[in-house]
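Engineer: File follows, structure_18.tsv with TSV, C-alpha atoms:
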chain	number	residue	atom	x	y	z
A	163	ASP	CA	-12.11	-59.78	132.96
A	164	ALA	CA	-10.68	-62.08	135.58
A	165	LYS	CA	-8.66	-60.10	138.07
A	166	THR	CA	-7.34	-63.16	139.88
A	167	THR	CA	-6.06	-66.57	138.93
A	168	GLN	CA	-6.11	-69.55	141.23
A	169	PRO	CA	-5.25	-73.21	140.81
A	170	THR	CA	-8.27	-75.30	139.99
A	171	SER	CA	-7.83	-77.75	142.82
A	172	MET	CA	-5.50	-78.94	145.52
A	173	ASP	CA	-5.37	-81.64	148.15
A	174	CYS	CA	-4.22	-81.23	151.71
A	175	ALA	CA	-3.58	-83.65	154.55
A	176	GLU	CA	-5.65	-83.23	157.66
A	177	GLY	CA	-3.75	-81.39	160.36
A	178	ARG	CA	-1.28	-79.86	157.96
A	179	ALA	CA	-1.21	-76.31	156.72
A	180	ALA	CA	-3.03	-75.59	153.47
A	181	ASN	CA	-1.44	-72.86	151.37
A	182	LEU	CA	-3.70	-71.48	148.67
A	183	PRO	CA	-2.04	-69.19	146.12
A	184	CYS	CA	-3.70	-66.40	144.21
A	185	ASN	CA	-2.24	-64.22	141.48
A	186	HIS	CA	-3.55	-60.70	141.03
A	187	SER	CA	-0.88	-59.05	138.93
A	188	THR	CA	-3.11	-56.15	137.82
A	189	ILE	CA	-4.23	-55.18	141.30
A	190	SER	CA	-4.45	-51.44	141.80
A	191	GLY	CA	-3.31	-49.48	144.81
A	192	ASN	CA	-6.80	-49.10	146.27
A	193	GLU	CA	-7.88	-52.70	145.87
A	194	TYR	CA	-8.06	-55.10	148.75
A	195	VAL	CA	-7.67	-58.87	148.58
A	196	TYR	CA	-10.65	-60.78	149.95
A	197	TRP	CA	-11.03	-64.50	150.48
A	198	TYR	CA	-14.34	-66.34	150.69
A	199	ARG	CA	-15.18	-70.00	150.73
A	200	GLN	CA	-18.17	-72.14	149.89
A	201	ILE	CA	-18.65	-75.40	151.70
A	202	HIS	CA	-20.96	-77.43	149.54
A	203	SER	CA	-22.09	-79.68	152.34
A	204	GLN	CA	-23.70	-76.59	153.80
A	205	GLY	CA	-25.65	-75.71	150.69
A	206	PRO	CA	-24.52	-72.71	148.71
A	207	GLN	CA	-23.44	-70.82	151.83
A	208	TYR	CA	-20.57	-68.46	151.14
A	209	THR	CA	-18.46	-67.37	154.08
A	210	PHE	CA	-16.11	-64.41	154.32
A	211	LEU	CA	-12.71	-65.49	155.60
A	212	ILE	CA	-10.19	-62.68	155.58
A	213	HIS	CA	-9.05	-59.59	153.71
A	214	GLY	CA	-5.94	-57.48	153.42
A	215	LEU	CA	-4.41	-54.53	151.61
A	216	LYS	CA	-0.65	-54.90	151.87
A	217	ASN	CA	0.16	-56.16	155.33
A	218	ASN	CA	-0.11	-59.77	156.32
A	219	GLU	CA	-3.28	-60.51	158.23
A	220	THR	CA	-4.35	-63.21	160.63
A	221	ASN	CA	-7.64	-64.02	162.27
A	222	GLU	CA	-9.18	-67.01	163.96
A	223	MET	CA	-9.89	-68.71	160.65
A	224	ALA	CA	-6.87	-68.08	158.46
A	225	SER	CA	-3.78	-66.07	157.62
A	226	LEU	CA	-3.22	-63.97	154.53
A	227	ILE	CA	0.24	-63.33	153.18
A	228	ILE	CA	0.52	-60.63	150.52
A	229	THR	CA	3.73	-60.18	148.57
A	230	GLU	CA	5.52	-56.88	148.75
A	231	ASP	CA	4.57	-55.99	145.18
A	232	ARG	CA	0.98	-57.09	145.94
A	233	LYS	CA	0.80	-59.09	142.76
A	234	SER	CA	0.08	-62.31	144.56
A	235	SER	CA	-1.08	-63.61	147.90
A	236	THR	CA	-1.46	-66.84	149.82
A	237	LEU	CA	-4.27	-67.90	152.08
A	238	ILE	CA	-3.07	-70.18	154.84
A	239	LEU	CA	-5.26	-72.54	156.78
A	240	PRO	CA	-2.82	-73.43	159.56
A	241	HIS	CA	-4.26	-76.77	160.61
A	242	ALA	CA	-6.63	-78.02	157.96
A	243	THR	CA	-9.55	-80.15	159.06
A	244	LEU	CA	-11.93	-82.22	157.02
A	245	ARG	CA	-14.50	-79.46	157.49
A	246	ASP	CA	-12.24	-77.10	155.55
A	247	THR	CA	-12.99	-79.00	152.36
A	248	ALA	CA	-14.55	-76.29	150.21
A	249	VAL	CA	-14.11	-74.03	147.21
A	250	TYR	CA	-11.98	-71.00	148.07
A	251	TYR	CA	-12.34	-67.75	146.18
A	252	CYS	CA	-9.77	-64.98	145.97
A	253	ILE	CA	-11.24	-61.63	144.99
A	254	VAL	CA	-9.73	-58.19	144.60
A	255	ARG	CA	-11.83	-55.09	144.76
A	256	ASP	CA	-11.82	-51.48	145.79
A	257	LEU	CA	-13.14	-50.79	149.26
A	258	GLY	CA	-15.92	-48.66	147.85
A	259	ASP	CA	-16.93	-51.20	145.22
A	260	TYR	CA	-19.45	-53.56	146.70
A	261	LYS	CA	-19.61	-55.89	143.76
A	262	LEU	CA	-17.93	-59.24	144.05
A	263	SER	CA	-16.92	-61.20	140.98
A	264	PHE	CA	-16.46	-64.84	141.78
A	265	GLY	CA	-14.27	-66.89	139.49
A	266	ALA	CA	-13.97	-70.64	139.61
A	267	GLY	CA	-11.94	-70.65	142.81
A	268	THR	CA	-9.77	-73.44	144.14
A	269	THR	CA	-11.41	-76.66	145.21
A	270	VAL	CA	-9.58	-77.79	148.32
A	271	THR	CA	-9.99	-81.35	149.49
A	272	VAL	CA	-8.68	-82.16	152.93
A	273	ARG	CA	-7.92	-85.85	153.31
A	274	ALA	CA	-7.63	-87.85	156.50
B	128	GLY	CA	-24.48	-66.43	164.44
B	129	ALA	CA	-26.20	-65.92	161.14
B	130	VAL	CA	-26.19	-62.43	159.79
B	131	VAL	CA	-28.54	-62.94	156.88
B	132	SER	CA	-31.53	-65.23	156.49
B	133	GLN	CA	-33.48	-66.28	153.45
B	134	HIS	CA	-36.94	-67.72	153.08
B	135	PRO	CA	-37.87	-70.18	151.80
B	136	SER	CA	-34.81	-72.40	151.75
B	137	ARG	CA	-36.22	-74.33	148.84
B	138	VAL	CA	-39.25	-74.03	146.64
B	139	ILE	CA	-40.73	-76.09	143.85
B	140	CYS	CA	-43.22	-74.46	141.54
B	141	LYS	CA	-44.96	-75.03	138.25
B	142	SER	CA	-43.86	-73.31	135.09
B	143	GLY	CA	-45.57	-69.98	134.62
B	144	THR	CA	-46.05	-69.20	138.28
B	145	SER	CA	-44.29	-66.50	140.30
B	146	VAL	CA	-42.11	-67.12	143.30
B	147	LYS	CA	-41.09	-64.65	145.97
B	148	ILE	CA	-37.86	-65.05	147.92
B	149	GLU	CA	-37.13	-63.03	151.04
B	150	CYS	CA	-33.77	-61.87	152.30
B	151	ARG	CA	-33.56	-60.49	155.80
B	152	SER	CA	-30.68	-58.87	157.61
B	153	LEU	CA	-30.66	-59.92	161.23
B	154	ASP	CA	-30.12	-57.40	163.99
B	155	PHE	CA	-28.82	-54.67	161.74
B	156	GLN	CA	-29.93	-52.33	159.00
B	157	ALA	CA	-28.87	-52.87	155.41
B	158	THR	CA	-29.37	-50.10	152.89
B	159	THR	CA	-27.83	-52.27	150.20
B	160	MET	CA	-28.35	-55.94	149.53
B	161	PHE	CA	-27.24	-58.05	146.60
B	162	TRP	CA	-28.95	-60.86	144.75
B	163	TYR	CA	-26.90	-63.60	143.14
B	164	ARG	CA	-27.71	-66.70	141.19
B	165	GLN	CA	-25.71	-69.90	141.01
B	166	PHE	CA	-26.42	-72.60	138.49
B	167	PRO	CA	-25.11	-76.12	139.16
B	168	LYS	CA	-21.34	-76.36	138.84
B	169	GLN	CA	-21.05	-72.70	137.96
B	170	SER	CA	-19.76	-69.67	139.80
B	171	LEU	CA	-21.88	-67.22	141.69
B	172	MET	CA	-23.21	-64.52	139.39
B	173	LEU	CA	-24.42	-61.13	140.54
B	174	MET	CA	-27.93	-60.38	139.33
B	175	ALA	CA	-28.77	-57.05	140.91
B	176	THR	CA	-28.10	-54.58	143.66
B	177	SER	CA	-31.07	-53.88	145.89
B	178	ASN	CA	-31.23	-50.39	147.32
B	179	GLU	CA	-33.56	-49.48	150.17
B	180	GLY	CA	-36.09	-46.91	149.06
B	181	SER	CA	-35.04	-46.82	145.42
B	182	LYS	CA	-35.00	-48.96	142.33
B	183	ALA	CA	-32.70	-51.91	142.08
B	184	THR	CA	-29.72	-51.85	139.76
B	185	TYR	CA	-29.58	-54.84	137.45
B	186	GLU	CA	-26.54	-56.42	135.87
B	187	GLN	CA	-26.31	-56.68	132.15
B	188	GLY	CA	-28.42	-59.49	130.78
B	189	VAL	CA	-30.72	-59.71	133.79
B	190	GLU	CA	-34.32	-58.86	132.96
B	191	LYS	CA	-35.69	-56.42	135.50
B	192	ASP	CA	-39.29	-57.22	134.59
B	193	LYS	CA	-38.73	-60.89	135.21
B	194	PHE	CA	-36.78	-60.57	138.43
B	195	LEU	CA	-38.61	-58.00	140.51
B	196	ILE	CA	-36.74	-56.66	143.49
B	197	ASN	CA	-38.35	-54.74	146.32
B	198	HIS	CA	-36.24	-53.36	149.16
B	199	ALA	CA	-39.05	-51.92	151.22
B	200	SER	CA	-37.29	-51.72	154.56
B	201	LEU	CA	-33.80	-51.64	155.97
B	202	THR	CA	-33.99	-55.29	156.93
B	203	LEU	CA	-35.89	-56.89	154.06
B	204	SER	CA	-35.37	-57.29	150.35
B	205	THR	CA	-37.51	-59.55	148.19
B	206	LEU	CA	-36.82	-61.11	144.83
B	207	THR	CA	-39.81	-62.24	142.80
B	208	VAL	CA	-39.20	-64.54	139.88
B	209	THR	CA	-42.16	-63.89	137.62
B	210	SER	CA	-43.52	-66.42	135.17
B	211	ALA	CA	-40.86	-68.88	136.19
B	212	HIS	CA	-39.60	-71.42	133.67
B	213	PRO	CA	-37.44	-74.52	134.13
B	214	GLU	CA	-34.36	-72.60	133.02
B	215	ASP	CA	-34.84	-70.34	136.05
B	216	SER	CA	-34.15	-73.29	138.33
B	217	SER	CA	-31.12	-72.31	140.35
B	218	PHE	CA	-29.83	-71.28	143.74
B	219	TYR	CA	-30.69	-67.67	144.54
B	220	ILE	CA	-28.48	-66.10	147.17
B	221	CYS	CA	-28.57	-62.69	148.78
B	222	SER	CA	-25.88	-60.82	150.63
B	223	VAL	CA	-25.44	-57.69	152.70
B	224	VAL	CA	-22.46	-55.45	153.26
B	225	LEU	CA	-21.18	-54.96	156.78
B	226	GLY	CA	-18.16	-53.66	158.53
B	227	SER	CA	-15.68	-50.92	157.89
B	228	TYR	CA	-14.08	-52.93	155.10
B	229	ASN	CA	-17.38	-53.67	153.37
B	230	GLU	CA	-17.28	-57.40	153.81
B	231	GLN	CA	-20.22	-59.21	152.25
B	232	PHE	CA	-22.17	-61.70	154.30
B	233	PHE	CA	-24.26	-64.18	152.42
B	234	GLY	CA	-27.59	-65.76	153.13
B	235	PRO	CA	-27.95	-69.54	153.05
B	236	GLY	CA	-29.57	-69.48	149.62
B	237	THR	CA	-32.91	-70.51	148.19
B	238	ARG	CA	-33.11	-73.46	145.88
B	239	LEU	CA	-35.72	-72.88	143.19
B	240	THR	CA	-36.94	-75.76	141.08
B	241	VAL	CA	-39.38	-74.99	138.30
B	242	LEU	CA	-41.20	-78.00	136.91
For this file, produce the structure as structure tokens.

Structural biologist:
Amino acid sequence: DAKTTQPTSMDCAEGRAANLPCNHSTISGNEYVYWYRQIHSQGPQYTFLIHGLKNNETNEMASLIITEDRKSSTLILPHATLRDTAVYYCIVRDLGDYKLSFGAGTTVTVRA
Amino acid sequence: GAVVSQHPSRVICKSGTSVKIECRSLDFQATTMFWYRQFPKQSLMLMATSNEGSKATYEQGVEKDKFLINHASLTLSTLTVTSAHPEDSSFYICSVVLGSYNEQFFGPGTRLTVL
């Protein structure tokens, strides 16, 4: 019961912005959008990136743009570096639901 | 800095033996921890929810008698793979929930290889 759909892969030029789309058309009013990534060069380490409910969010790692109808969102890495090469996972869940269901994610390759 | 640690980082064992993996929360208390498994080229799959002071909650299809979970303190949860077989070879990863938005922070994983 995949709640999100993401492109399988995408390439990005180093120094440019990477825009990662995620569709979550069945998102409910209480569900947040979370983004995680896994950098394989660091073993299986998963890292939390950012989350949002309906407003756009920005932190030191990324920005999250959520459409007004909340049916889709975009993770933005403003200045991609080679170290951003990773698999990025978009997850929606209720704040009180601790469980995370990881799909296949988007494999992002940043090229020099 | 790291929020969650795991030990060992990798282990190789013979078929039929048991292996214990530790997950520790660093500098904070965690009443709930999660255990995941990731096979090569597959997504992370939740195995069980570890609750401090009570029994773990297992996901469907995960054998509780094979994967023993003990959450004896607020900073430590252990996963014991009993009578390990080669098909149990995988990355085992734990996580804890922190923050007002219940973000999950993951440990670095333990690579289990069963010969």

Engineer: Please report as a short mmCIF file (atom, residue, chain, number, x, y, z; two decimals) with C-alpha atoms, keeping the file's coordinate frame which residues of chain A come no farther than 6 Å from chain B, using all atoms listed in the file.

Structural biologist:
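Saved as out-v2.cif:
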data_model
loop_
_atom_site.label_atom_id
_atom_site.label_comp_id
_atom_site.auth_asym_id
_atom_site.auth_seq_id
_atom_site.Cartn_x
_atom_site.Cartn_y
_atom_site.Cartn_z
CA GLN A 207 -23.44 -70.82 151.83
CA TYR A 208 -20.57 -68.46 151.14
CA PHE A 264 -16.46 -64.84 141.78
CA ALA A 266 -13.97 -70.64 139.61
#

Engineer: Here is a test: counting all atoms listed in the file, which residue of B:Asn197, B:Thr184, B:Ser132, B:Ser142 is nearest to Asp215 in chain B?

Structural biologist: B:Ser142

Engineer: Residues within 12 Å of Ile189 in chain A, please, as a PyMOL selection string. Count only C-alpha atoms; anything in the same chain fewer than 2 positions from it doesn't count.

Structural biologist: chain A and resi 164-167+184-187+191-195+215-216+228-229+231-235+253-256

Engineer: Using only C-alpha atoms, which of the listed residues (B:Ser152, B:Thr158, B:Thr144, B:Thr240) sits closest to Lys193 in chain B?

Structural biologist: B:Thr144

Engineer: Tell me, in Å to one decimal, how far CA of Leu195 in chain B is from CA of Leu257 in chain A.

Structural biologist: 27.9 Å

Engineer: Mind completing range 245-262 of chain A with N, CA and C atoms? Output as a short mmCIF file (atom, residue, chain, number, x, y, z; two decimals), keeping the file's coordinate frame, please?

Structural biologist:
data_model
loop_
_atom_site.label_atom_id
_atom_site.label_comp_id
_atom_site.auth_asym_id
_atom_site.auth_seq_id
_atom_site.Cartn_x
_atom_site.Cartn_y
_atom_site.Cartn_z
N ARG A 245 -13.44 -80.45 157.70
CA ARG A 245 -14.50 -79.46 157.49
C ARG A 245 -14.04 -78.26 156.67
N ASP A 246 -12.74 -78.18 156.40
CA ASP A 246 -12.24 -77.10 155.55
C ASP A 246 -12.34 -77.44 154.07
N THR A 247 -12.79 -78.64 153.77
CA THR A 247 -12.99 -79.00 152.36
C THR A 247 -14.05 -78.07 151.77
N ALA A 248 -13.66 -77.33 150.74
CA ALA A 248 -14.55 -76.29 150.21
C ALA A 248 -13.93 -75.72 148.95
N VAL A 249 -14.66 -74.82 148.32
CA VAL A 249 -14.11 -74.03 147.21
C VAL A 249 -13.73 -72.67 147.78
N TYR A 250 -12.51 -72.25 147.53
CA TYR A 250 -11.98 -71.00 148.07
C TYR A 250 -11.82 -69.99 146.96
N TYR A 251 -12.34 -68.79 147.20
CA TYR A 251 -12.34 -67.75 146.18
C TYR A 251 -11.49 -66.56 146.63
N CYS A 252 -10.61 -66.16 145.76
CA CYS A 252 -9.77 -64.98 145.97
C CYS A 252 -10.33 -63.86 145.11
N ILE A 253 -10.61 -62.74 145.71
CA ILE A 253 -11.24 -61.63 144.99
C ILE A 253 -10.51 -60.35 145.33
N VAL A 254 -10.29 -59.51 144.34
CA VAL A 254 -9.73 -58.19 144.60
C VAL A 254 -10.77 -57.14 144.23
N ARG A 255 -10.90 -56.16 145.07
CA ARG A 255 -11.83 -55.09 144.76
C ARG A 255 -11.51 -53.86 145.59
N ASP A 256 -11.98 -52.74 145.09
CA ASP A 256 -11.82 -51.48 145.79
C ASP A 256 -12.76 -51.47 146.99
N LEU A 257 -12.35 -50.83 148.04
CA LEU A 257 -13.14 -50.79 149.26
C LEU A 257 -14.53 -50.23 149.01
N GLY A 258 -14.63 -49.27 148.11
CA GLY A 258 -15.92 -48.66 147.85
C GLY A 258 -16.75 -49.38 146.81
N ASP A 259 -16.22 -50.43 146.23
CA ASP A 259 -16.93 -51.20 145.22
C ASP A 259 -17.51 -52.44 145.87
N TYR A 260 -18.83 -52.45 146.00
CA TYR A 260 -19.45 -53.56 146.70
C TYR A 260 -19.51 -54.83 145.88
N LYS A 261 -19.39 -54.71 144.59
CA LYS A 261 -19.61 -55.89 143.76
C LYS A 261 -18.49 -56.90 143.92
N LEU A 262 -18.88 -58.14 143.99
CA LEU A 262 -17.93 -59.24 144.05
C LEU A 262 -18.05 -60.05 142.77
#
